[in-house]
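These notes concern the structure reproduced below.
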Protein chains: 2
Amino acid sequence: MSLEILIKNEKVDIENHLFSYLDKLQIEKVLHEAMLYSLKAGGKRLRPFLAVAVAGLLGKEKSLVMPYACALEFIHTYSLIHDDLPALDNDDMRRGKPSNHKKFGETVAILAGDALNCDAFSILFEFGEGNFHKGGKYLAKASGGRGMVLGQIKDCTVPQNERTVDILDDINLFKTGALIVASTAGAAAWLDGSEEEIKALEEYGKNIGLAFQIADDILDVTSDSKTLGKPIGSDAQMNKTTYPALLGVTKAEERASSYADKAVEALDMFKDSSWKKALCELARYVVERKN
Amino acid sequence: MSLEILIKNEKVDIENHLFSYLDKLQIEKVLHEAMLYSLKAGGKRLRPFLAVAVAGLLGKEKSLVMPYACALEFIHTYSLIHDDLPALDNDDMRRGKPSNHKKFGETVAILAGDALNCDAFSILFEFGEGNFHKGGKYLAKASGGRGMVLGQIKDCTVPQNERTVDILDDINLFKTGALIVASTAGAAAWLDGSEEEIKALEEYGKNIGLAFQIADDILDVTSDSKTLGKPIGSDAQMNKTTYPALLGVTKAEERASSYADKAVEALDMFKDSSWKKALCELARYVVERKN
């Protein structure tokens, strides 16, 4: 099965669980509606997919990882809602639809984000049977003030004209990388993986996270808006310092490829399986994708 | 020892732990500073005190409950930061100091709140040795979309002129009550208390939560700003529907007292101890306090 078909198939299962967990929480209408709106606006479900793939890689049942996988998507979704707020990126649109605060107002958007943040842990505790201590610890550390939120602060406070390639890497390692590492290594922790497995998946996650972000910057320059599904050239328009702006497109592509190589290498220790193959292909895919 | 001295003594110990846990998380400066600023602005530390008192009531070590107690204060503090934002209550001041967004700007305030929300769970997982599953579940449920956040949505969306006493009770049960119940019953869950103990402490928490809120409304009418430490009459000025506005001061006082009575009754099942006495006194104190 091709990687893209695998991702699409898993996406169906992941979304079924995602919406079913939200329903089971039985949250009152006004808040439920705002949470669901943004949960439904999701794209490839990359983070839950990674967690599902890690379960496969470790030979564990998919059902065991599903609550953790959906908790990741709750956290990711809340971060997008808060990121779009006027005080942060001030984005009116998200994936072709009005952003949460445009649809429901800022008050509800802030609170829907807060609920998704906290109830990610409700999903772990209420529907999960993994290692609460190790998995929960990983998720909280990756999402809070030493992980994703720190990355958002960095991205909001480091001036664009001071950004070097190393600084871009540093921002990305936290802003998007932390939750991607939580999707790989954190999933392994939740599934009681060994320290070596967790370490290898940290390395894998960090590297695909960086590769993904560089590829994102490149697509904004080289793609067309129809393929990409959003306007191109927006980084340049907003005077954002990007990898291709600092390195040129060719060197940025080489850099992304080299991170993808490192990600693949990090998986060496795992025995061959269809899921290992999928994770290796995914490392290439994040670099070579067209949207 | 009088209750007020007991609360003051415990406050010292609680704050030592609170700041020490934050330090141990080793969060980078810009975010750490904003989180600490609001953590330091705290008042009586009622929620952690309740958790400490419950540990005493159940004959458990205080050190065992401390991470849970401080996690409660992290959640409470984030809720105040987000509550003060322009899109919510739009309060420039909090306990006589500029509110977080006035001091650090809205971007940092939103993110500092997000970090405190998530890292409440980091404290449980990294410094705790209680029942992660039962205690964590309780805390997440009480704080998220079925608890405190739901209460905030209700408070922001139910029009003042539609509020009856029952509706006020309903809003308060979620907005402030949920986290107070998490401070009593949730602490018992964290400490592996029995189902009967948890249930009794839910009843106690709900009733002191309601009594506390009614007393708050009454103080805004009957106190003077020097004693209260903030301007009085602000509810009337903002056209807020309050218990004394609906019932008159005397009936509102009776209602608060009757909730305090119910709280005390709920503790019947526990054997006599200095902590039981303190919790009974606390139920009276929330009604009779002058500020």
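Just remember, in the structure tokens the first chain shown is A, the second B, etc., residues are 1-based per chain, and ligands are 1-based in the order shown.
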
Contact residues around Lys29 of chain B with only C-alpha atoms at 12 Å, ignoring same-chain residues under 2 positions, as a list in words: Gly145, Arg146, Leu150, Ile153 and Lys154 of chain A; Leu22, Asp23, Leu25, Gln26, Ile27, Leu31, His32, Glu33, Ala34, Met35, Leu36, Tyr37, Val108 and Ala112 of chain B

How about saving the chosen residues, N, CA and C atoms kept, as a JSON list (two decimals), in the first residue's frame?
[["chain", "number", "residue", "atom", "x", "y", "z"],
["A", 145, "GLY", "N", 5.30, 24.76, 28.81],
["A", 145, "GLY", "CA", 6.27, 25.85, 28.80],
["A", 145, "GLY", "C", 7.70, 25.46, 28.47],
["A", 146, "ARG", "N", 7.95, 24.17, 28.33],
["A", 146, "ARG", "CA", 9.29, 23.74, 27.89],
["A", 146, "ARG", "C", 9.22, 23.14, 26.50],
["A", 150, "LEU", "N", 6.60, 27.22, 24.57],
["A", 150, "LEU", "CA", 7.87, 27.94, 24.51],
["A", 150, "LEU", "C", 8.20, 28.31, 23.06],
["A", 153, "ILE", "N", 6.17, 31.28, 22.03],
["A", 153, "ILE", "CA", 6.72, 32.51, 22.60],
["A", 153, "ILE", "C", 7.95, 32.94, 21.80],
["A", 154, "LYS", "N", 8.82, 32.01, 21.52],
["A", 154, "LYS", "CA", 10.02, 32.34, 20.74],
["A", 154, "LYS", "C", 9.61, 32.92, 19.39],
["B", 22, "LEU", "N", 8.01, 25.33, 40.03],
["B", 22, "LEU", "CA", 8.18, 26.13, 38.81],
["B", 22, "LEU", "C", 9.65, 26.23, 38.44],
["B", 23, "ASP", "N", 10.50, 26.49, 39.44],
["B", 23, "ASP", "CA", 11.94, 26.57, 39.17],
["B", 23, "ASP", "C", 12.47, 25.27, 38.59],
["B", 25, "LEU", "N", 11.03, 23.12, 36.87],
["B", 25, "LEU", "CA", 10.62, 22.87, 35.48],
["B", 25, "LEU", "C", 11.60, 23.50, 34.49],
["B", 26, "GLN", "N", 12.39, 24.47, 34.98],
["B", 26, "GLN", "CA", 13.40, 25.13, 34.15],
["B", 26, "GLN", "C", 12.85, 25.67, 32.83],
["B", 27, "ILE", "N", 11.88, 26.54, 32.98],
["B", 27, "ILE", "CA", 11.26, 27.17, 31.81],
["B", 27, "ILE", "C", 12.06, 28.43, 31.45],
["B", 31, "LEU", "N", 8.99, 33.32, 29.48],
["B", 31, "LEU", "CA", 7.77, 32.62, 29.87],
["B", 31, "LEU", "C", 7.72, 32.40, 31.39],
["B", 32, "HIS", "N", 8.84, 32.01, 31.94],
["B", 32, "HIS", "CA", 8.97, 31.78, 33.39],
["B", 32, "HIS", "C", 8.55, 33.03, 34.16],
["B", 33, "GLU", "N", 9.03, 34.17, 33.69],
["B", 33, "GLU", "CA", 8.76, 35.44, 34.37],
["B", 33, "GLU", "C", 7.25, 35.74, 34.39],
["B", 34, "ALA", "N", 6.60, 35.51, 33.26],
["B", 34, "ALA", "CA", 5.16, 35.80, 33.18],
["B", 34, "ALA", "C", 4.34, 34.81, 34.02],
["B", 35, "MET", "N", 4.78, 33.55, 34.03],
["B", 35, "MET", "CA", 4.08, 32.55, 34.85],
["B", 35, "MET", "C", 4.26, 32.88, 36.33],
["B", 36, "LEU", "N", 5.49, 33.19, 36.72],
["B", 36, "LEU", "CA", 5.81, 33.48, 38.13],
["B", 36, "LEU", "C", 5.06, 34.73, 38.62],
["B", 37, "TYR", "N", 5.00, 35.73, 37.76],
["B", 37, "TYR", "CA", 4.33, 36.99, 38.11],
["B", 37, "TYR", "C", 2.91, 36.71, 38.62],
["B", 108, "VAL", "N", 1.88, 37.18, 25.34],
["B", 108, "VAL", "CA", 2.55, 36.43, 26.41],
["B", 108, "VAL", "C", 1.54, 35.95, 27.45],
["B", 112, "ALA", "N", 1.34, 32.26, 28.54],
["B", 112, "ALA", "CA", 1.69, 31.92, 29.93],
["B", 112, "ALA", "C", 0.54, 31.13, 30.56]]

Contact residues around Phe74 of chain B with only C-alpha atoms at 10 Å, ignoring same-chain residues under 5 positions, as number ranges by chain: B: 18, 22, 35, 38-39, 68-69, 79, 113, 115-121, 123

Write a file of the just-selected residues containing C-alpha atoms, as a short mmCIF file (atom, residue, chain, number, x, y, z; two decimals), in the first residue's frame.
data_model
loop_
_atom_site.label_atom_id
_atom_site.label_comp_id
_atom_site.auth_asym_id
_atom_site.auth_seq_id
_atom_site.Cartn_x
_atom_site.Cartn_y
_atom_site.Cartn_z
CA LEU B 18 4.79 26.26 44.24
CA LEU B 22 8.18 26.13 38.81
CA MET B 35 4.08 32.55 34.85
CA SER B 38 0.79 35.63 38.30
CA LEU B 39 1.66 32.71 40.55
CA TYR B 68 -1.45 17.92 43.47
CA ALA B 69 -2.07 21.01 45.63
CA SER B 79 -7.79 30.73 34.67
CA GLY B 113 -1.87 30.78 30.73
CA ALA B 115 1.69 26.82 29.80
CA LEU B 116 0.29 26.91 33.35
CA ASN B 117 -2.71 24.89 32.21
CA CYS B 118 -0.60 22.15 30.67
CA ASP B 119 2.26 22.21 33.16
CA ALA B 120 -0.15 21.67 36.04
CA PHE B 121 -0.06 18.11 34.71
CA ILE B 123 3.86 18.90 38.16
#

Where does chain B end up after superposition onto chain A over all in-order Cα pairs? Give it as a compact mmCIF listing (two decimals) with C-alpha atoms, in the first residue's frame.
# COMPACT_ATOMS: atom_id res chain seq x y z
CA MET B 1 0.01 0.00 0.03
CA SER B 2 1.37 3.43 -0.82
CA LEU B 3 2.10 5.77 2.07
CA GLU B 4 -0.52 8.26 0.95
CA ILE B 5 -3.25 5.60 0.91
CA LEU B 6 -2.09 4.32 4.29
CA ILE B 7 -2.29 7.85 5.76
CA LYS B 8 -5.78 8.31 4.24
CA ASN B 9 -7.02 4.99 5.63
CA GLU B 10 -5.68 5.64 9.10
CA LYS B 11 -7.13 9.15 8.99
CA VAL B 12 -10.64 7.69 8.80
CA ASP B 13 -10.06 5.54 11.86
CA ILE B 14 -8.32 8.35 13.75
CA GLU B 15 -11.13 10.82 13.07
CA ASN B 16 -13.76 8.31 14.13
CA HIS B 17 -12.02 7.99 17.47
CA LEU B 18 -11.36 11.71 17.76
CA PHE B 19 -15.01 12.66 17.37
CA SER B 20 -16.22 9.72 19.42
CA TYR B 21 -13.99 10.66 22.37
CA LEU B 22 -15.24 14.24 22.18
CA ASP B 23 -18.84 12.99 22.16
CA LYS B 24 -18.21 10.71 25.11
CA LEU B 25 -16.88 13.64 27.15
CA GLN B 26 -20.43 15.05 26.92
CA ILE B 27 -19.47 18.69 26.85
CA GLU B 28 -22.32 21.22 26.72
CA LYS B 29 -23.38 22.51 23.34
CA VAL B 30 -21.81 25.96 23.01
CA LEU B 31 -18.36 24.70 23.95
CA HIS B 32 -18.68 21.32 22.22
CA GLU B 33 -19.58 23.04 18.96
CA ALA B 34 -16.53 25.32 19.04
CA MET B 35 -14.19 22.46 19.95
CA LEU B 36 -15.64 20.20 17.23
CA TYR B 37 -15.45 22.94 14.61
CA SER B 38 -11.68 23.15 14.91
CA LEU B 39 -11.17 19.44 15.46
CA LYS B 40 -13.03 18.87 12.17
CA ALA B 41 -10.89 21.37 10.29
CA GLY B 42 -7.85 19.08 10.56
CA GLY B 43 -5.61 18.08 7.70
CA LYS B 44 -3.59 14.90 7.39
CA ARG B 45 -3.71 14.06 11.13
CA LEU B 46 0.07 13.67 10.97
CA ARG B 47 0.59 13.52 14.75
CA PRO B 48 -1.97 10.78 15.47
CA PHE B 49 -0.75 8.93 12.38
CA LEU B 50 2.79 8.96 13.76
CA ALA B 51 1.55 7.57 17.08
CA VAL B 52 -0.37 4.81 15.28
CA ALA B 53 2.71 4.01 13.17
CA VAL B 54 4.86 3.82 16.32
CA ALA B 55 2.39 1.34 17.83
CA GLY B 56 2.81 -0.76 14.66
CA LEU B 57 6.59 -0.40 14.80
CA LEU B 58 6.63 -1.65 18.41
CA GLY B 59 4.20 -4.47 17.65
CA LYS B 60 1.48 -3.03 19.92
CA GLU B 61 -2.27 -2.93 19.35
CA LYS B 62 -3.50 0.20 17.59
CA SER B 63 -6.39 0.47 20.06
CA LEU B 64 -3.89 0.93 22.87
CA VAL B 65 -2.34 4.03 21.28
CA MET B 66 -5.57 5.63 20.03
CA PRO B 67 -6.39 7.72 23.14
CA TYR B 68 -2.84 9.05 23.19
CA ALA B 69 -3.01 9.74 19.43
CA CYS B 70 -6.23 11.73 19.84
CA ALA B 71 -4.89 13.61 22.86
CA LEU B 72 -2.06 14.82 20.58
CA GLU B 73 -4.63 16.10 18.10
CA PHE B 74 -6.56 17.90 20.87
CA ILE B 75 -3.34 19.70 21.88
CA HIS B 76 -2.42 20.47 18.26
CA THR B 77 -5.92 21.83 17.60
CA TYR B 78 -5.96 24.09 20.67
CA SER B 79 -2.56 25.46 19.63
CA LEU B 80 -3.93 26.40 16.20
CA ILE B 81 -6.98 28.13 17.74
CA HIS B 82 -4.83 30.21 20.08
CA ASP B 83 -2.22 30.81 17.37
CA ASP B 84 -4.86 32.34 15.09
CA LEU B 85 -6.04 34.85 17.73
CA PRO B 86 -5.60 38.57 17.03
CA ALA B 87 -2.96 38.81 19.80
CA LEU B 88 -0.89 36.09 18.12
CA ASP B 89 -0.90 35.50 14.36
CA ASN B 90 -4.22 37.25 13.76
CA ASP B 91 -5.35 34.82 11.07
CA ASP B 92 -8.95 35.09 9.91
CA MET B 93 -8.80 31.88 7.92
CA ARG B 94 -7.56 28.36 8.61
CA ARG B 95 -7.66 25.71 5.90
CA GLY B 96 -10.11 27.72 3.83
CA LYS B 97 -12.59 28.24 6.66
CA PRO B 98 -13.00 31.10 9.13
CA SER B 99 -10.68 30.58 12.09
CA ASN B 100 -12.31 29.69 15.41
CA HIS B 101 -12.45 33.24 16.77
CA LYS B 102 -13.88 34.54 13.49
CA LYS B 103 -16.65 31.94 13.72
CA PHE B 104 -17.38 31.99 17.47
CA GLY B 105 -15.77 35.18 18.76
CA GLU B 106 -12.58 35.57 20.75
CA THR B 107 -14.07 34.69 24.13
CA VAL B 108 -15.30 31.29 23.01
CA ALA B 109 -12.15 30.65 20.96
CA ILE B 110 -9.86 31.26 23.94
CA LEU B 111 -11.99 29.01 26.15
CA ALA B 112 -12.45 26.28 23.52
CA GLY B 113 -8.65 26.20 23.23
CA ASP B 114 -8.29 26.01 27.01
CA ALA B 115 -10.75 23.11 27.15
CA LEU B 116 -8.97 21.19 24.37
CA ASN B 117 -5.65 21.71 26.14
CA CYS B 118 -6.90 20.33 29.43
CA ASP B 119 -9.23 17.66 28.04
CA ALA B 120 -6.39 16.14 26.03
CA PHE B 121 -5.46 14.77 29.45
CA SER B 122 -9.07 13.75 30.12
CA ILE B 123 -8.87 11.55 27.02
CA LEU B 124 -5.72 9.88 28.31
CA PHE B 125 -7.18 9.31 31.76
CA GLU B 126 -10.71 8.32 30.76
CA PHE B 127 -10.18 6.21 27.67
CA GLY B 128 -6.55 5.18 27.96
CA GLU B 129 -4.89 2.06 29.25
CA GLY B 130 -1.29 2.94 28.50
CA ASN B 131 1.46 4.05 30.83
CA PHE B 132 -0.20 7.15 32.34
CA HIS B 133 2.89 8.24 34.15
CA LYS B 134 5.44 7.99 31.35
CA GLY B 135 3.10 8.90 28.48
CA GLY B 136 1.33 11.70 30.33
CA LYS B 137 4.64 13.16 31.47
CA TYR B 138 5.94 13.16 27.93
CA LEU B 139 2.84 14.82 26.52
CA ALA B 140 2.70 17.52 29.21
CA LYS B 141 6.39 18.34 28.89
CA ALA B 142 6.22 18.53 25.10
CA SER B 143 3.11 20.72 25.10
CA GLY B 144 3.72 23.20 27.92
CA GLY B 145 6.27 25.85 28.82
CA ARG B 146 9.28 23.73 27.89
CA GLY B 147 7.84 22.58 24.58
CA MET B 148 5.28 23.85 22.14
CA VAL B 149 4.23 26.93 24.13
CA LEU B 150 7.87 27.95 24.51
CA GLY B 151 8.22 27.65 20.74
CA GLN B 152 5.23 29.94 20.25
CA ILE B 153 6.71 32.52 22.62
CA LYS B 154 10.02 32.33 20.74
CA ASP B 155 8.24 32.70 17.40
CA CYS B 156 6.33 35.72 18.71
CA THR B 157 9.31 37.44 20.32
CA VAL B 158 12.48 36.78 18.27
CA PRO B 159 12.68 39.57 15.65
CA GLN B 160 12.63 38.34 12.04
CA ASN B 161 15.83 40.21 11.14
CA GLU B 162 17.78 38.47 13.91
CA ARG B 163 16.90 34.97 12.74
CA THR B 164 19.72 32.77 11.50
CA VAL B 165 19.32 29.18 10.33
CA ASP B 166 20.25 27.97 13.82
CA ILE B 167 17.64 30.24 15.39
CA LEU B 168 15.00 29.00 12.92
CA ASP B 169 15.93 25.43 13.87
CA ASP B 170 15.65 26.30 17.56
CA ILE B 171 12.21 27.90 17.19
CA ASN B 172 10.94 24.99 15.08
CA LEU B 173 12.34 22.34 17.40
CA PHE B 174 9.99 23.72 20.05
CA LYS B 175 7.06 25.18 18.14
CA THR B 176 6.33 22.18 15.93
CA GLY B 177 9.08 19.73 16.83
CA ALA B 178 8.13 19.14 20.44
CA LEU B 179 4.68 17.81 19.62
CA ILE B 180 6.01 15.72 16.74
CA VAL B 181 8.55 14.15 19.10
CA ALA B 182 5.67 13.57 21.54
CA SER B 183 3.89 11.80 18.67
CA THR B 184 6.78 9.39 18.16
CA ALA B 185 8.84 9.06 21.35
CA GLY B 186 5.91 10.02 23.62
CA ALA B 187 3.73 7.37 21.99
CA ALA B 188 6.50 4.84 22.67
CA ALA B 189 6.59 5.98 26.33
CA TRP B 190 2.79 5.57 26.55
CA LEU B 191 3.20 2.08 25.06
CA ASP B 192 5.93 1.12 27.55
CA GLY B 193 8.67 1.12 24.95
CA SER B 194 12.30 0.72 26.08
CA GLU B 195 14.57 3.69 26.73
CA GLU B 196 16.49 2.85 23.54
CA GLU B 197 13.31 2.79 21.47
CA ILE B 198 12.18 6.11 22.98
CA LYS B 199 15.57 7.67 22.28
CA ALA B 200 15.63 6.49 18.65
CA LEU B 201 12.10 7.82 18.13
CA GLU B 202 13.11 11.18 19.65
CA GLU B 203 15.85 11.41 17.06
CA TYR B 204 13.43 10.41 14.30
CA GLY B 205 10.79 12.91 15.47
CA LYS B 206 13.19 15.84 15.80
CA ASN B 207 14.56 15.28 12.32
CA ILE B 208 11.25 14.88 10.50
CA GLY B 209 9.98 17.93 12.42
CA LEU B 210 12.83 20.06 11.10
CA ALA B 211 12.57 18.58 7.60
CA PHE B 212 8.82 19.25 7.60
CA GLN B 213 9.28 22.91 8.51
CA ILE B 214 11.97 23.54 5.91
CA ALA B 215 9.80 21.87 3.27
CA ASP B 216 6.90 24.08 4.36
CA ASP B 217 9.01 27.19 3.79
CA ILE B 218 10.14 25.90 0.38
CA LEU B 219 6.59 25.09 -0.75
CA ASP B 220 5.58 28.68 0.03
CA VAL B 221 8.12 29.76 -2.62
CA THR B 222 8.00 26.99 -5.22
CA SER B 223 4.45 25.68 -5.23
CA ASP B 224 1.32 27.19 -6.77
CA SER B 225 -1.67 28.15 -4.66
CA LYS B 226 -3.95 25.56 -6.30
CA THR B 227 -1.68 22.64 -5.42
CA LEU B 228 -0.85 24.04 -1.99
CA GLY B 229 -4.46 24.84 -1.10
CA LYS B 230 -3.50 28.24 0.29
CA PRO B 231 -1.96 31.44 -1.09
CA ILE B 232 1.75 31.13 -1.89
CA GLY B 233 4.39 33.76 -1.19
CA SER B 234 2.77 34.66 2.12
CA ASP B 235 6.04 34.33 4.07
CA ALA B 236 7.77 36.89 1.86
CA GLN B 237 4.74 39.15 2.00
CA MET B 238 4.82 39.09 5.81
CA ASN B 239 8.60 39.55 5.84
CA LYS B 240 9.12 36.21 7.53
CA THR B 241 12.65 34.93 7.65
CA THR B 242 12.61 31.45 6.10
CA TYR B 243 15.11 28.76 5.20
CA PRO B 244 14.99 29.46 1.44
CA ALA B 245 15.34 33.19 2.15
CA LEU B 246 18.51 32.55 4.16
CA LEU B 247 19.96 29.66 2.17
CA GLY B 248 18.36 29.77 -1.26
CA VAL B 249 15.97 27.04 -2.42
CA THR B 250 18.61 24.48 -3.43
CA LYS B 251 20.57 24.57 -0.18
CA ALA B 252 17.33 24.56 1.79
CA GLU B 253 16.22 21.43 -0.10
CA GLU B 254 19.55 19.77 0.66
CA ARG B 255 19.17 20.66 4.33
CA ALA B 256 15.66 19.18 4.46
CA SER B 257 16.90 16.01 2.75
CA SER B 258 19.75 15.63 5.17
CA TYR B 259 17.31 15.82 8.12
CA ALA B 260 15.16 13.20 6.41
CA ASP B 261 18.26 10.98 6.04
CA LYS B 262 19.00 11.33 9.76
CA ALA B 263 15.40 10.43 10.58
CA VAL B 264 15.64 7.25 8.52
CA GLU B 265 18.98 6.32 10.13
CA ALA B 266 17.46 6.71 13.58
CA LEU B 267 15.11 3.82 12.79
CA ASP B 268 18.00 1.40 12.10
CA MET B 269 17.58 -0.34 15.45
CA PHE B 270 14.04 -1.50 14.68
CA LYS B 271 13.45 -4.77 12.89
CA ASP B 272 12.00 -4.55 9.39
CA SER B 273 8.23 -4.28 9.16
CA SER B 274 5.61 -2.57 7.02
CA TRP B 275 5.35 0.17 9.69
CA LYS B 276 9.10 0.76 9.69
CA LYS B 277 8.92 1.07 5.91
CA ALA B 278 6.03 3.53 6.26
CA LEU B 279 7.93 5.69 8.75
CA CYS B 280 10.98 5.73 6.46
CA GLU B 281 8.80 6.71 3.53
CA LEU B 282 7.16 9.36 5.65
CA ALA B 283 10.55 10.97 6.33
CA ARG B 284 11.02 11.26 2.54
CA TYR B 285 7.42 12.30 2.01
CA VAL B 286 7.56 15.33 4.33
CA VAL B 287 10.40 16.64 2.14
CA GLU B 288 9.04 15.67 -1.26
CA ARG B 289 5.33 16.42 -0.76
CA LYS B 290 3.63 18.94 -3.00
CA ASN B 291 1.24 20.34 -0.40

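The residues of segment 42-260 of chain A that DSSP classifies as strand (DSSP E or B), using the backbone of this structure, are A:Met93, A:Arg94, A:Lys97, A:Pro98.
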